[in-house]
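Undergrad: Structure provided below as structure tokens; questions to follow.
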Amino acid sequence: MIRGANSISGDNNPLFVIDNQAVGINYNDAVSAVDVNDIKTVNVIKGAEGQQLFGMRGSNGVIQIITKKK
């Protein structure tokens with residue numbers, strides 16, 4: 001959880017992005033989309049920057065996962 005439990009919109013799930021491709025707001029979506037052994041970096045984007053990069057879907061924050069290129 002990136003934002004507090006009392007978020008204004010009532011939804012505080014971050015957007016999960018893998019290699020600049022949005023995969024959803026559910027942790028299980030991200031886990032099923034990437035093998036943990038292929039992860040290179042994980043970035044947490046908070047505040048206005050998440051919304052600026054990914055629109056309204058990123059307004060609750062973004063978990064950005066970059067994988068190793070094969």
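Identifiers in this document derive from the order of the structure tokens: chains are assigned A, B, ..., residues are numbered from 1 separately in each chain, and ligands are numbered from 1 in order of occurrence.
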Enumerate, as a PyMOL selection string, the complete set of residues in chain A that a backbone-based DSSP assignment places in alpha helix (DSSP H).

TA: chain A and resi 27-33+48-54

Undergrad: Counting only C-alpha atoms, what is within 10 Å of segment 31-35 of chain A, bar same-chain residues fewer than 5 positions away, as a ChimeraX atom specification?

TA: /A:16,18,23,26,65-67

Undergrad: Using only N, CA and C atoms, please write the residues we just selected to a file, as a PDB file, in the first residue's frame.

TA:
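And here's result-v8.pdb as it stands now:
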ATOM      1  N   PHE A  16       0.510  -1.608 -11.072  1.00  0.00           N
ATOM      2  CA  PHE A  16       1.710  -2.398 -11.305  1.00  0.00           C
ATOM      3  C   PHE A  16       2.081  -2.299 -12.777  1.00  0.00           C
ATOM      4  N   ILE A  18       5.077  -3.422 -15.625  1.00  0.00           N
ATOM      5  CA  ILE A  18       6.232  -4.270 -15.912  1.00  0.00           C
ATOM      6  C   ILE A  18       6.777  -3.877 -17.271  1.00  0.00           C
ATOM      7  N   VAL A  23      -0.029  -3.739 -15.949  1.00  0.00           N
ATOM      8  CA  VAL A  23      -0.608  -5.079 -15.830  1.00  0.00           C
ATOM      9  C   VAL A  23      -1.800  -5.115 -14.873  1.00  0.00           C
ATOM     10  N   ASN A  26      -3.710  -5.234  -9.089  1.00  0.00           N
ATOM     11  CA  ASN A  26      -3.732  -6.371  -8.184  1.00  0.00           C
ATOM     12  C   ASN A  26      -2.340  -6.992  -8.138  1.00  0.00           C
ATOM     13  N   ILE A  65       8.294  -2.357 -12.339  1.00  0.00           N
ATOM     14  CA  ILE A  65       9.209  -3.490 -12.343  1.00  0.00           C
ATOM     15  C   ILE A  65       9.913  -3.514 -13.686  1.00  0.00           C
ATOM     16  N   ILE A  66      11.232  -3.519 -13.647  1.00  0.00           N
ATOM     17  CA  ILE A  66      12.052  -3.620 -14.856  1.00  0.00           C
ATOM     18  C   ILE A  66      12.693  -4.994 -14.851  1.00  0.00           C
ATOM     19  N   THR A  67      12.559  -5.714 -15.964  1.00  0.00           N
ATOM     20  CA  THR A  67      13.120  -7.056 -16.041  1.00  0.00           C
ATOM     21  C   THR A  67      14.439  -7.054 -16.790  1.00  0.00           C
TER      22      THR A  67
END

Undergrad: Using only C-alpha atoms, which of the listed residues (A:Val36, A:Met56, A:Ala48, A:Ile63) sits closest to Gln21 of chain A?

TA: A:Ile63

Undergrad: Considering only C-alpha atoms, state which residue in the set A:Gln52, A:Tyr27, A:Lys68, A:Gly58 is at the smallest distance from Leu15 of chain A.

TA: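 Counting only C-alpha atoms, the residue closest to Leu15 of chain A is A:Gly58.
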
Undergrad: Please give the complete set of residues from chain A that DSSP, run on the backbone, assigns to strand (DSSP E or B), formatted as a PyMOL selection string.

TA: chain A and resi 15-18+21-24+39-45+62-67

Undergrad: Extract, using only C-alpha atoms, all DNA, RNA and protein residues at most 6 Å from Pro14 of chain A, discarding same-chain residues fewer than 5 positions from it, and format them as a list in words.

TA: Ile25, Asn60, Gly61 and Val62 of chain A

Undergrad: For Ile45 of chain A, which residue out of A:Gly24, A:Val17, A:Asp29, A:Asp11 is the nearest one, using only C-alpha atoms?

TA: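 Using only C-alpha atoms, Ile45 of chain A sits closest to A:Val17.
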
Undergrad: Can you measure atom CA of Thr41 of chain A to atom CA of Gln64 of chain A for me? One decimal in Å is fine.

TA: 8.2 Å

Undergrad: In terms of the shortest atom-to-atom distance over only C-alpha atoms, which of A:Glu49, A:Arg57, A:Val44, A:Asn37 is closest to Ala22 of chain A?

TA: A:Arg57

Undergrad: So the first atom is atom CA of Lys46 of chain A and the second is atom CA of Asn28 of chain A; what is the distance between them in Å, to one decimal place?

TA: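 Spanning atom CA of Lys46 of chain A to atom CA of Asn28 of chain A is a straight-line distance of 20.5 Å.
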